[in-house]
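Enquirer: What follows is query-v1.cif, made up of mmCIF, C-alpha atoms:
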data_work
#
loop_
_atom_site.group_PDB
_atom_site.id
_atom_site.type_symbol
_atom_site.label_atom_id
_atom_site.label_comp_id
_atom_site.auth_asym_id
_atom_site.auth_seq_id
_atom_site.Cartn_x
_atom_site.Cartn_y
_atom_site.Cartn_z
ATOM 1 C CA MET L 140 55.939 114.127 -102.300
ATOM 2 C CA ALA L 141 55.988 116.632 -105.158
ATOM 3 C CA ALA L 142 58.291 115.734 -108.041
ATOM 4 C CA ASN L 143 60.142 118.176 -110.232
ATOM 5 C CA LEU L 144 59.541 117.959 -113.932
ATOM 6 C CA PRO L 145 62.863 117.147 -115.630
ATOM 7 C CA GLU L 146 63.839 119.495 -118.455
ATOM 8 C CA GLY L 147 63.272 116.776 -121.067
ATOM 9 C CA VAL L 148 59.685 116.333 -119.898
ATOM 10 C CA VAL L 149 59.023 120.079 -119.861
ATOM 11 C CA LYS L 150 60.304 120.302 -123.440
ATOM 12 C CA LEU L 151 58.124 117.358 -124.474
ATOM 13 C CA LEU L 152 55.023 118.920 -122.882
ATOM 14 C CA GLN L 153 55.689 122.217 -124.650
ATOM 15 C CA ARG L 154 55.291 120.480 -128.000
ATOM 16 C CA PRO L 155 51.794 119.679 -129.411
ATOM 17 C CA VAL L 156 51.867 116.056 -128.288
ATOM 18 C CA PHE L 157 48.889 114.139 -126.993
ATOM 19 C CA ALA L 158 48.645 112.977 -123.411
ATOM 20 C CA HIS L 159 46.534 110.071 -122.205
ATOM 21 C CA VAL L 160 45.140 110.746 -118.760
ATOM 22 C CA ALA L 161 43.874 108.016 -116.476
ATOM 23 C CA THR L 162 41.329 108.770 -113.775
ATOM 24 C CA LEU L 163 39.388 106.498 -111.438
ATOM 25 C CA MET L 164 35.735 105.565 -111.894
ATOM 26 C CA LYS L 165 33.439 105.366 -108.867
ATOM 27 C CA ASP L 166 34.049 101.611 -108.584
ATOM 28 C CA GLY L 167 37.818 102.195 -108.588
ATOM 29 C CA SER L 168 38.377 100.962 -112.137
ATOM 30 C CA PRO L 169 40.580 103.052 -114.439
ATOM 31 C CA GLN L 170 39.437 105.240 -117.336
ATOM 32 C CA VAL L 171 41.781 106.819 -119.928
ATOM 33 C CA THR L 172 41.190 109.576 -122.465
ATOM 34 C CA PRO L 173 43.460 111.586 -124.781
ATOM 35 C CA VAL L 174 43.929 115.265 -123.913
ATOM 36 C CA TRP L 175 45.873 118.352 -124.804
ATOM 37 C CA ILE L 176 48.414 119.299 -122.163
ATOM 38 C CA ASP L 177 50.820 122.025 -121.144
ATOM 39 C CA THR L 178 53.021 122.978 -118.229
ATOM 40 C CA ASP L 179 54.404 125.991 -116.408
ATOM 41 C CA GLY L 180 57.488 123.937 -115.572
ATOM 42 C CA GLN L 181 56.128 122.901 -112.179
ATOM 43 C CA TYR L 182 52.514 121.800 -112.623
ATOM 44 C CA VAL L 183 50.869 120.210 -115.646
ATOM 45 C CA TYR L 184 47.542 121.488 -116.943
ATOM 46 C CA ILE L 185 44.765 119.896 -118.910
ATOM 47 C CA ASN L 186 41.371 121.287 -119.893
ATOM 48 C CA THR L 187 38.015 119.578 -119.862
ATOM 49 C CA ALA L 188 34.331 120.505 -119.747
ATOM 50 C CA GLU L 189 31.663 120.302 -117.084
ATOM 51 C CA GLY L 190 29.486 117.209 -117.399
ATOM 52 C CA ARG L 191 32.184 114.872 -118.669
ATOM 53 C CA ILE L 192 33.346 111.736 -116.865
ATOM 54 C CA LYS L 193 36.855 113.075 -116.264
ATOM 55 C CA PRO L 194 36.041 116.034 -113.961
ATOM 56 C CA ARG L 195 33.521 113.900 -112.080
ATOM 57 C CA ASN L 196 36.188 111.280 -111.489
ATOM 58 C CA MET L 197 38.859 113.836 -110.582
ATOM 59 C CA ARG L 198 36.629 115.523 -108.008
ATOM 60 C CA ARG L 199 35.900 112.192 -106.346
ATOM 61 C CA ASP L 200 39.511 111.019 -106.398
ATOM 62 C CA GLY L 201 42.318 113.332 -107.487
ATOM 63 C CA ARG L 202 44.800 110.578 -108.264
ATOM 64 C CA VAL L 203 45.699 110.603 -111.959
ATOM 65 C CA ALA L 204 48.310 109.117 -114.272
ATOM 66 C CA ILE L 205 49.493 110.507 -117.591
ATOM 67 C CA SER L 206 51.288 108.930 -120.529
ATOM 68 C CA VAL L 207 52.564 111.436 -123.077
ATOM 69 C CA MET L 208 54.361 110.574 -126.309
ATOM 70 C CA ASP L 209 55.743 112.268 -129.397
ATOM 71 C CA THR L 210 55.024 109.563 -131.974
ATOM 72 C CA ALA L 211 57.747 111.012 -134.236
ATOM 73 C CA ARG L 212 60.257 109.407 -131.820
ATOM 74 C CA PRO L 213 58.069 107.015 -129.846
ATOM 75 C CA TYR L 214 60.824 105.147 -128.000
ATOM 76 C CA GLN L 215 62.758 108.227 -126.891
ATOM 77 C CA ASP L 216 60.165 110.970 -126.487
ATOM 78 C CA TYR L 217 57.695 109.694 -123.963
ATOM 79 C CA ALA L 218 57.096 110.352 -120.323
ATOM 80 C CA LEU L 219 54.963 108.891 -117.569
ATOM 81 C CA ILE L 220 53.599 111.092 -114.833
ATOM 82 C CA ARG L 221 51.666 110.082 -111.757
ATOM 83 C CA GLY L 222 50.117 112.966 -109.905
ATOM 84 C CA ARG L 223 47.308 114.549 -107.999
ATOM 85 C CA VAL L 224 44.732 117.089 -109.101
ATOM 86 C CA VAL L 225 45.174 120.184 -106.957
ATOM 87 C CA GLU L 226 42.674 122.518 -108.636
ATOM 88 C CA ILE L 227 39.710 122.335 -111.000
ATOM 89 C CA THR L 228 38.507 125.805 -111.921
ATOM 90 C CA THR L 229 36.474 127.742 -114.440
ATOM 91 C CA GLU L 230 38.765 130.734 -113.835
ATOM 92 C CA GLY L 231 40.916 131.315 -116.895
ATOM 93 C CA ALA L 232 39.619 128.053 -118.396
ATOM 94 C CA TRP L 233 38.533 129.590 -121.738
ATOM 95 C CA GLU L 234 41.830 131.472 -122.097
ATOM 96 C CA HIS L 235 43.569 128.191 -121.351
ATOM 97 C CA ILE L 236 41.644 126.110 -123.912
ATOM 98 C CA ASP L 237 42.275 128.830 -126.519
ATOM 99 C CA LYS L 238 45.985 128.702 -125.716
ATOM 100 C CA LEU L 239 45.969 124.914 -126.051
ATOM 101 C CA SER L 240 43.919 125.072 -129.251
ATOM 102 C CA ARG L 241 46.401 127.515 -130.782
ATOM 103 C CA LYS L 242 49.261 125.240 -129.738
ATOM 104 C CA TYR L 243 47.690 122.103 -131.233
ATOM 105 C CA ASN L 244 45.584 123.493 -134.079
ATOM 106 C CA GLY L 245 46.740 127.052 -134.712
ATOM 107 C CA ARG L 246 43.419 128.693 -133.843
ATOM 108 C CA ASP L 247 41.143 129.551 -130.927
ATOM 109 C CA TYR L 248 38.824 126.909 -129.569
ATOM 110 C CA PRO L 249 35.286 126.861 -131.011
ATOM 111 C CA ARG L 250 32.559 128.205 -128.709
ATOM 112 C CA ARG L 251 29.655 125.851 -128.038
ATOM 113 C CA PRO L 252 26.510 127.261 -126.388
ATOM 114 C CA GLY L 253 26.358 126.409 -122.699
ATOM 115 C CA GLU L 254 29.767 124.757 -122.555
ATOM 116 C CA VAL L 255 31.569 125.282 -119.248
ATOM 117 C CA ARG L 256 35.297 124.769 -119.572
ATOM 118 C CA LEU L 257 37.453 123.632 -116.669
ATOM 119 C CA LYS L 258 41.164 124.143 -116.211
ATOM 120 C CA VAL L 259 42.751 121.300 -114.268
ATOM 121 C CA LYS L 260 46.016 121.756 -112.385
ATOM 122 C CA ILE L 261 47.978 118.606 -111.632
ATOM 123 C CA GLN L 262 50.866 118.253 -109.207
ATOM 124 C CA PRO L 263 53.361 115.676 -110.499
ATOM 125 C CA LEU L 264 54.305 113.162 -107.814
ATOM 126 C CA LYS L 265 56.338 110.653 -109.823
ATOM 127 C CA VAL L 266 57.862 111.221 -113.233
ATOM 128 C CA GLY L 267 59.501 108.587 -115.420
ATOM 129 C CA GLY L 268 60.111 107.395 -118.967
ATOM 130 C CA PRO L 269 62.992 108.168 -121.343
ATOM 131 C CA ALA L 270 62.134 111.885 -121.717
ATOM 132 C CA ALA L 271 62.704 112.242 -117.960
ATOM 133 C CA ARG L 272 66.261 111.001 -118.403
ATOM 134 C CA ALA L 273 67.038 112.944 -121.584
ATOM 135 C CA MET T 84 29.279 92.321 -119.999
ATOM 136 C CA ALA T 85 31.565 91.642 -122.947
ATOM 137 C CA ALA T 86 31.552 94.285 -125.657
ATOM 138 C CA ASN T 87 32.104 93.658 -129.335
ATOM 139 C CA LEU T 88 34.895 95.553 -131.004
ATOM 140 C CA PRO T 89 33.395 97.740 -133.731
ATOM 141 C CA GLU T 90 34.989 97.354 -137.169
ATOM 142 C CA GLY T 91 36.549 100.840 -136.985
ATOM 143 C CA VAL T 92 38.341 99.908 -133.758
ATOM 144 C CA VAL T 93 39.557 96.583 -135.161
ATOM 145 C CA LYS T 94 40.979 98.427 -138.175
ATOM 146 C CA LEU T 95 42.645 100.992 -135.909
ATOM 147 C CA LEU T 96 44.217 98.265 -133.764
ATOM 148 C CA GLN T 97 45.539 96.474 -136.845
ATOM 149 C CA ARG T 98 47.648 99.529 -137.681
ATOM 150 C CA PRO T 99 50.958 100.206 -135.843
ATOM 151 C CA VAL T 100 49.446 102.724 -133.436
ATOM 152 C CA PHE T 101 50.420 103.097 -129.819
ATOM 153 C CA ALA T 102 48.053 102.259 -126.997
ATOM 154 C CA HIS T 103 48.240 103.690 -123.501
ATOM 155 C CA VAL T 104 47.168 101.138 -120.929
ATOM 156 C CA ALA T 105 46.072 102.073 -117.436
ATOM 157 C CA THR T 106 46.362 99.587 -114.597
ATOM 158 C CA LEU T 107 45.819 99.953 -110.859
ATOM 159 C CA MET T 108 48.626 100.231 -108.300
ATOM 160 C CA LYS T 109 48.336 98.432 -104.946
ATOM 161 C CA ASP T 110 46.926 101.608 -103.334
ATOM 162 C CA GLY T 111 44.266 101.863 -106.062
ATOM 163 C CA SER T 112 45.882 104.781 -107.887
ATOM 164 C CA PRO T 113 46.188 104.585 -111.673
ATOM 165 C CA GLN T 114 49.332 103.929 -113.694
ATOM 166 C CA VAL T 115 49.601 104.351 -117.493
ATOM 167 C CA THR T 116 52.233 103.168 -119.952
ATOM 168 C CA PRO T 117 52.466 103.068 -123.760
ATOM 169 C CA VAL T 118 52.314 99.622 -125.362
ATOM 170 C CA TRP T 119 52.083 97.823 -128.666
ATOM 171 C CA ILE T 120 48.706 96.241 -129.239
ATOM 172 C CA ASP T 121 46.820 93.914 -131.558
ATOM 173 C CA THR T 122 43.505 92.119 -131.753
ATOM 174 C CA ASP T 123 41.922 88.944 -133.078
ATOM 175 C CA GLY T 124 38.710 90.903 -133.568
ATOM 176 C CA GLN T 125 37.298 89.836 -130.192
ATOM 177 C CA TYR T 126 40.037 90.240 -127.585
ATOM 178 C CA VAL T 127 42.873 92.751 -127.501
ATOM 179 C CA TYR T 128 46.414 91.642 -126.735
ATOM 180 C CA ILE T 129 49.409 93.405 -125.288
ATOM 181 C CA ASN T 130 52.806 92.037 -124.354
ATOM 182 C CA THR T 131 54.919 92.790 -121.327
ATOM 183 C CA ALA T 132 57.748 91.218 -119.339
ATOM 184 C CA GLU T 133 57.956 89.525 -115.955
ATOM 185 C CA GLY T 134 59.133 91.870 -113.196
ATOM 186 C CA ARG T 135 57.488 95.016 -114.522
ATOM 187 C CA ILE T 136 54.833 96.997 -112.679
ATOM 188 C CA LYS T 137 52.130 96.291 -115.275
ATOM 189 C CA PRO T 138 51.836 92.484 -114.868
ATOM 190 C CA ARG T 139 52.056 92.836 -111.075
ATOM 191 C CA ASN T 140 49.168 95.298 -111.173
ATOM 192 C CA MET T 141 47.128 93.231 -113.638
ATOM 193 C CA ARG T 142 47.471 90.073 -111.538
ATOM 194 C CA ARG T 143 46.243 91.918 -108.450
ATOM 195 C CA ASP T 144 43.380 93.680 -110.240
ATOM 196 C CA GLY T 145 42.475 92.821 -113.822
ATOM 197 C CA ARG T 146 40.599 96.041 -114.527
ATOM 198 C CA VAL T 147 42.327 98.019 -117.272
ATOM 199 C CA ALA T 148 41.600 100.938 -119.565
ATOM 200 C CA ILE T 149 43.164 101.634 -122.941
ATOM 201 C CA SER T 150 43.428 104.791 -125.031
ATOM 202 C CA VAL T 151 44.641 104.193 -128.579
ATOM 203 C CA MET T 152 45.226 106.874 -131.204
ATOM 204 C CA ASP T 153 46.560 107.245 -134.711
ATOM 205 C CA THR T 154 48.213 110.661 -134.402
ATOM 206 C CA ALA T 155 47.960 111.120 -138.193
ATOM 207 C CA ARG T 156 44.242 111.781 -137.611
ATOM 208 C CA PRO T 157 44.086 112.392 -133.867
ATOM 209 C CA TYR T 158 40.495 113.621 -133.665
ATOM 210 C CA GLN T 159 38.962 110.847 -135.792
ATOM 211 C CA ASP T 160 41.147 107.819 -135.239
ATOM 212 C CA TYR T 161 41.094 107.132 -131.551
ATOM 213 C CA ALA T 162 39.306 104.656 -129.382
ATOM 214 C CA LEU T 163 38.800 104.096 -125.682
ATOM 215 C CA ILE T 164 38.478 100.609 -124.292
ATOM 216 C CA ARG T 165 37.705 99.552 -120.754
ATOM 217 C CA GLY T 166 38.220 95.895 -120.104
ATOM 218 C CA ARG T 167 39.391 93.043 -117.966
ATOM 219 C CA VAL T 168 42.520 90.933 -118.191
ATOM 220 C CA VAL T 169 41.424 87.338 -118.750
ATOM 221 C CA GLU T 170 44.833 85.691 -119.253
ATOM 222 C CA ILE T 171 48.514 86.420 -118.646
ATOM 223 C CA THR T 172 50.683 83.696 -120.088
ATOM 224 C CA THR T 173 54.222 82.901 -121.188
ATOM 225 C CA GLU T 174 52.757 80.529 -123.791
ATOM 226 C CA GLY T 175 53.252 81.977 -127.264
ATOM 227 C CA ALA T 176 54.513 85.213 -125.696
ATOM 228 C CA TRP T 177 57.775 85.346 -127.692
ATOM 229 C CA GLU T 178 55.981 84.594 -130.946
ATOM 230 C CA HIS T 179 53.545 87.362 -130.036
ATOM 231 C CA ILE T 180 56.178 89.997 -129.243
ATOM 232 C CA ASP T 181 57.974 89.104 -132.505
ATOM 233 C CA LYS T 182 54.701 89.563 -134.390
ATOM 234 C CA LEU T 183 54.143 92.932 -132.700
ATOM 235 C CA SER T 184 57.752 93.985 -133.308
ATOM 236 C CA ARG T 185 57.426 93.165 -136.999
ATOM 237 C CA LYS T 186 54.183 95.142 -137.131
ATOM 238 C CA TYR T 187 55.666 98.221 -135.435
ATOM 239 C CA ASN T 188 59.329 98.043 -136.404
ATOM 240 C CA GLY T 189 59.612 95.592 -139.272
ATOM 241 C CA ARG T 190 61.829 93.085 -137.435
ATOM 242 C CA ASP T 191 61.803 90.453 -134.691
ATOM 243 C CA TYR T 192 62.089 91.570 -131.098
ATOM 244 C CA PRO T 193 65.623 91.590 -129.649
ATOM 245 C CA ARG T 194 66.417 88.784 -127.193
ATOM 246 C CA ARG T 195 67.645 89.841 -123.778
ATOM 247 C CA PRO T 196 69.179 87.219 -121.461
ATOM 248 C CA GLY T 197 66.741 86.081 -118.790
ATOM 249 C CA GLU T 198 63.797 88.094 -120.100
ATOM 250 C CA VAL T 199 60.446 86.364 -119.609
ATOM 251 C CA ARG T 200 57.792 87.712 -121.973
ATOM 252 C CA LEU T 201 54.097 87.674 -121.112
ATOM 253 C CA LYS T 202 51.168 87.759 -123.493
ATOM 254 C CA VAL T 203 48.169 89.518 -121.984
ATOM 255 C CA LYS T 204 44.637 88.849 -123.228
ATOM 256 C CA ILE T 205 42.069 91.545 -122.495
ATOM 257 C CA GLN T 206 38.302 91.230 -122.776
ATOM 258 C CA PRO T 207 36.764 94.558 -123.879
ATOM 259 C CA LEU T 208 33.817 95.536 -121.676
ATOM 260 C CA LYS T 209 33.123 99.055 -122.926
ATOM 261 C CA VAL T 210 34.340 100.586 -126.182
ATOM 262 C CA GLY T 211 34.014 104.212 -127.213
ATOM 263 C CA GLY T 212 35.608 107.098 -129.078
ATOM 264 C CA PRO T 213 35.181 108.199 -132.699
ATOM 265 C CA ALA T 214 36.801 105.073 -134.190
ATOM 266 C CA ALA T 215 34.017 103.019 -132.560
ATOM 267 C CA ARG T 216 31.437 105.009 -134.510
ATOM 268 C CA ALA T 217 33.364 105.125 -137.822
#
Would you kindly transcribe this structure into structure tokens?

Expert:
Amino acid sequence: MAANLPEGVVKLLQRPVFAHVATLMKDGSPQVTPVWIDTDGQYVYINTAEGRIKPRNMRRDGRVAISVMDTARPYQDYALIRGRVVEITTEGAWEHIDKLSRKYNGRDYPRRPGEVRLKVKIQPLKVGGPAARA
Amino acid sequence: MAANLPEGVVKLLQRPVFAHVATLMKDGSPQVTPVWIDTDGQYVYINTAEGRIKPRNMRRDGRVAISVMDTARPYQDYALIRGRVVEITTEGAWEHIDKLSRKYNGRDYPRRPGEVRLKVKIQPLKVGGPAARA
């Protein structure tokens, strides 16, 4: 069942805060890595690169969980999202990583020879944490 | 196979930085929540309370993953730990949450009627991220 993103979570995701995304390894064990994140108000988006563990895991099993926190107000400004990957695409992936890089670091993302970027679209299924109730 | 905690990760975990711990739900999907964390140099410890999702998940399946970051230097000071819960105990759990609370907030943890604290001991199995190479 798709979940709406509460306004407080949308606002949190629009700020340059780090998200920690859990995926599932082949043996079913969890893996977590920090990522940049944004949202269109309905889906959340992260960006990764071909060859990494994350896209391999997400293609095998699209179930993910995200913990996102603004450490300036760690006990108020955090949200927990459980969701499902609905798309992994190269289309628009460089534009997307540049947009994220400008949001987090104020400049375009550095080009590395041969790097294939992937834009990952995640459907939130369950959203919680204090930012969801703000 | 147990993994040693590199010195850079021990130092990171000794600072009041937030960790994001992934556990597995009954259906095998991941769940992530932010936690306080510390280490004795060999194991890592978190603290939770009876009745929450996290201890229920960890008792069913002890496989966990942790992403920990100092957002003051987000691209240098983060570590990724995959591990296994080796003990969940009430013994020393209040002393432990007070110690964590003093580390993060400078004061003992507030007492709530009926709350049962749990100290969780995690054996690192795989440790990565830039702090592991620092």

Enquirer: Which residues would end up in the selection if the PyMOL selection byres ((chain T and resi 192-196) around 10) were applied here, given that I need the answer as number ranges by chain?

Expert: T: 177-185, 188-191, 197-199

Enquirer: Restricting it to C-alpha atoms, dump the selection as a PDB file, in the frame of the given file.

Expert:
ATOM      1  CA  TRP T 177      57.775  85.346-127.692  1.00  0.00           C
ATOM      2  CA  GLU T 178      55.981  84.594-130.946  1.00  0.00           C
ATOM      3  CA  HIS T 179      53.545  87.362-130.036  1.00  0.00           C
ATOM      4  CA  ILE T 180      56.178  89.997-129.243  1.00  0.00           C
ATOM      5  CA  ASP T 181      57.974  89.104-132.505  1.00  0.00           C
ATOM      6  CA  LYS T 182      54.701  89.563-134.390  1.00  0.00           C
ATOM      7  CA  LEU T 183      54.143  92.932-132.700  1.00  0.00           C
ATOM      8  CA  SER T 184      57.752  93.985-133.308  1.00  0.00           C
ATOM      9  CA  ARG T 185      57.426  93.165-136.999  1.00  0.00           C
ATOM     10  CA  ASN T 188      59.329  98.043-136.404  1.00  0.00           C
ATOM     11  CA  GLY T 189      59.612  95.592-139.272  1.00  0.00           C
ATOM     12  CA  ARG T 190      61.829  93.085-137.435  1.00  0.00           C
ATOM     13  CA  ASP T 191      61.803  90.453-134.691  1.00  0.00           C
ATOM     14  CA  GLY T 197      66.741  86.081-118.790  1.00  0.00           C
ATOM     15  CA  GLU T 198      63.797  88.094-120.100  1.00  0.00           C
ATOM     16  CA  VAL T 199      60.446  86.364-119.609  1.00  0.00           C
TER      17      VAL T 199
END

Enquirer: Residues near Arg142 (chain T), anyone? I mean within 12 Å using all atoms listed in the file, not counting same-chain ones fewer than 2 positions away, as a list of chain:residue names.

Expert: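 Selected residues are T:Thr106, T:Leu107, T:Met108, T:Lys109, T:Glu133, T:Gly134, T:Arg135, T:Ile136, T:Lys137, T:Pro138, T:Arg139, T:Asn140, T:Asp144, T:Gly145, T:Arg146, T:Val147, T:Arg167, T:Val168, T:Val169, T:Glu170, T:Ile171, T:Thr172, T:Leu201, T:Val203.
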
Enquirer: Output the residue selection produced by the PyMOL selection byres ((chain T) within 6 of (chain L)) on the file above, formatted as a ChimeraX atom specification.

Expert: /T:112-116,146,148,150

Enquirer: What would chain L look like once superposed on chain T, with the fit done by least squares over all C-alpha atoms paired in order? Give it as a short mmCIF file (atom, residue, chain, number, x, y, z; two decimals) with C-alpha atoms, in the frame of the given file.

Expert:
data_model
loop_
_atom_site.label_atom_id
_atom_site.label_comp_id
_atom_site.auth_asym_id
_atom_site.auth_seq_id
_atom_site.Cartn_x
_atom_site.Cartn_y
_atom_site.Cartn_z
CA MET L 140 29.28 92.32 -120.01
CA ALA L 141 31.60 91.62 -122.94
CA ALA L 142 31.58 94.27 -125.66
CA ASN L 143 32.13 93.66 -129.34
CA LEU L 144 34.92 95.56 -131.00
CA PRO L 145 33.41 97.75 -133.73
CA GLU L 146 34.99 97.36 -137.16
CA GLY L 147 36.55 100.84 -136.97
CA VAL L 148 38.34 99.91 -133.75
CA VAL L 149 39.56 96.59 -135.15
CA LYS L 150 40.98 98.43 -138.17
CA LEU L 151 42.65 100.99 -135.91
CA LEU L 152 44.22 98.26 -133.75
CA GLN L 153 45.55 96.48 -136.84
CA ARG L 154 47.65 99.53 -137.67
CA PRO L 155 50.97 100.20 -135.83
CA VAL L 156 49.46 102.72 -133.44
CA PHE L 157 50.42 103.10 -129.81
CA ALA L 158 48.05 102.26 -127.00
CA HIS L 159 48.24 103.70 -123.50
CA VAL L 160 47.17 101.15 -120.93
CA ALA L 161 46.08 102.07 -117.43
CA THR L 162 46.36 99.58 -114.59
CA LEU L 163 45.81 99.96 -110.85
CA MET L 164 48.61 100.24 -108.29
CA LYS L 165 48.30 98.45 -104.95
CA ASP L 166 46.91 101.61 -103.33
CA GLY L 167 44.25 101.87 -106.06
CA SER L 168 45.89 104.78 -107.87
CA PRO L 169 46.18 104.60 -111.67
CA GLN L 170 49.33 103.95 -113.69
CA VAL L 171 49.60 104.37 -117.49
CA THR L 172 52.24 103.17 -119.95
CA PRO L 173 52.47 103.08 -123.75
CA VAL L 174 52.31 99.63 -125.37
CA TRP L 175 52.08 97.85 -128.67
CA ILE L 176 48.70 96.26 -129.25
CA ASP L 177 46.82 93.93 -131.56
CA THR L 178 43.51 92.13 -131.76
CA ASP L 179 41.93 88.96 -133.08
CA GLY L 180 38.71 90.90 -133.57
CA GLN L 181 37.30 89.82 -130.21
CA TYR L 182 40.03 90.25 -127.59
CA VAL L 183 42.87 92.76 -127.50
CA TYR L 184 46.41 91.65 -126.73
CA ILE L 185 49.40 93.41 -125.29
CA ASN L 186 52.82 92.03 -124.35
CA THR L 187 54.92 92.79 -121.32
CA ALA L 188 57.74 91.21 -119.33
CA GLU L 189 57.95 89.53 -115.96
CA GLY L 190 59.12 91.86 -113.20
CA ARG L 191 57.48 95.01 -114.53
CA ILE L 192 54.83 97.00 -112.69
CA LYS L 193 52.13 96.28 -115.27
CA PRO L 194 51.84 92.47 -114.86
CA ARG L 195 52.05 92.84 -111.09
CA ASN L 196 49.17 95.30 -111.17
CA MET L 197 47.14 93.23 -113.64
CA ARG L 198 47.46 90.08 -111.53
CA ARG L 199 46.24 91.92 -108.45
CA ASP L 200 43.38 93.67 -110.24
CA GLY L 201 42.49 92.82 -113.83
CA ARG L 202 40.61 96.03 -114.52
CA VAL L 203 42.34 98.02 -117.26
CA ALA L 204 41.61 100.94 -119.56
CA ILE L 205 43.17 101.65 -122.94
CA SER L 206 43.43 104.79 -125.03
CA VAL L 207 44.64 104.19 -128.58
CA MET L 208 45.23 106.88 -131.19
CA ASP L 209 46.56 107.25 -134.72
CA THR L 210 48.20 110.67 -134.42
CA ALA L 211 47.95 111.11 -138.21
CA ARG L 212 44.22 111.78 -137.63
CA PRO L 213 44.07 112.38 -133.89
CA TYR L 214 40.47 113.61 -133.68
CA GLN L 215 38.95 110.84 -135.80
CA ASP L 216 41.16 107.80 -135.25
CA TYR L 217 41.09 107.13 -131.55
CA ALA L 218 39.31 104.66 -129.37
CA LEU L 219 38.80 104.10 -125.67
CA ILE L 220 38.48 100.61 -124.28
CA ARG L 221 37.71 99.56 -120.75
CA GLY L 222 38.24 95.89 -120.09
CA ARG L 223 39.40 93.04 -117.95
CA VAL L 224 42.52 90.92 -118.18
CA VAL L 225 41.44 87.34 -118.75
CA GLU L 226 44.83 85.69 -119.26
CA ILE L 227 48.51 86.42 -118.63
CA THR L 228 50.69 83.70 -120.10
CA THR L 229 54.21 82.89 -121.20
CA GLU L 230 52.74 80.53 -123.81
CA GLY L 231 53.25 81.98 -127.27
CA ALA L 232 54.51 85.22 -125.69
CA TRP L 233 57.78 85.36 -127.69
CA GLU L 234 55.97 84.61 -130.96
CA HIS L 235 53.54 87.36 -130.03
CA ILE L 236 56.19 90.00 -129.25
CA ASP L 237 57.96 89.12 -132.51
CA LYS L 238 54.69 89.57 -134.38
CA LEU L 239 54.15 92.94 -132.70
CA SER L 240 57.76 93.98 -133.31
CA ARG L 241 57.42 93.17 -137.01
CA LYS L 242 54.18 95.15 -137.13
CA TYR L 243 55.66 98.22 -135.43
CA ASN L 244 59.33 98.03 -136.41
CA GLY L 245 59.61 95.57 -139.29
CA ARG L 246 61.83 93.08 -137.44
CA ASP L 247 61.79 90.46 -134.70
CA TYR L 248 62.08 91.55 -131.11
CA PRO L 249 65.61 91.60 -129.63
CA ARG L 250 66.40 88.77 -127.20
CA ARG L 251 67.63 89.85 -123.77
CA PRO L 252 69.16 87.21 -121.47
CA GLY L 253 66.72 86.07 -118.81
CA GLU L 254 63.78 88.08 -120.11
CA VAL L 255 60.42 86.37 -119.61
CA ARG L 256 57.79 87.71 -121.96
CA LEU L 257 54.09 87.67 -121.10
CA LYS L 258 51.17 87.76 -123.49
CA VAL L 259 48.17 89.52 -121.98
CA LYS L 260 44.64 88.86 -123.22
CA ILE L 261 42.07 91.55 -122.50
CA GLN L 262 38.31 91.23 -122.78
CA PRO L 263 36.79 94.55 -123.88
CA LEU L 264 33.85 95.53 -121.68
CA LYS L 265 33.14 99.06 -122.93
CA VAL L 266 34.34 100.57 -126.18
CA GLY L 267 34.01 104.21 -127.21
CA GLY L 268 35.61 107.09 -129.07
CA PRO L 269 35.19 108.19 -132.70
CA ALA L 270 36.81 105.06 -134.20
CA ALA L 271 34.04 103.02 -132.56
CA ARG L 272 31.46 105.00 -134.50
CA ALA L 273 33.33 105.09 -137.81
#

Enquirer: Please list as a list in words every residue within 10 Å of Gly180 (chain L), counting only C-alpha atoms and excluding residues in the same chain fewer than 3 positions away.

Expert: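 The contact residues come out as Asn143, Leu144, Pro145, Glu146, Val148, Val149, Lys150, Leu152, Gln153, Asp177 and Val183 of chain L.
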
Enquirer: To one decimal in Å, tell me the separation between CA of Gln215 (chain L) and CA of Leu264 (chain L).

Expert: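 The value is 21.4 Å.
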
Enquirer: Draw an axis-aligned box tight on the listed atoms of region 221-240 of chain L, then pad every side by 8 Å and write out centre and edge lengths in Å to one decimal as JSON.

Expert:
{"center_x": 44.1, "center_y": 120.8, "center_z": -118.1, "size_x": 31.2, "size_y": 37.4, "size_z": 38.3}

Enquirer: Mind giving me the straight-line distance from CA of Lys202 (chain T) to CA of Ile120 (chain T) in Å, one decimal?

Expert: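 These two atoms are separated by 10.5 Å.
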
Enquirer: For a test of reading the model, state the distance in Å between CA of Arg216 (chain T) and CA of Met141 (chain T), rounded to one decimal.

Expert: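 Between these atoms lies a distance of 28.6 Å.
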
Enquirer: Give the answer as one residue: which of T:Ala86, T:Tyr187, T:Arg98, T:Ala217 has the shortest atom-to-atom distance to Gln125 (chain T), using all atoms listed in the file?

Expert: T:Ala86

Enquirer: Identify which of the residues L:Lys242, L:Thr229, L:Asp216, L:Arg199 lies closest to Pro155 (chain L), counting only C-alpha atoms when measuring atom-to-atom distances.

Expert: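 Ranking L:Lys242, L:Thr229, L:Asp216, L:Arg199 by distance to Pro155 (chain L), first place goes to L:Lys242.
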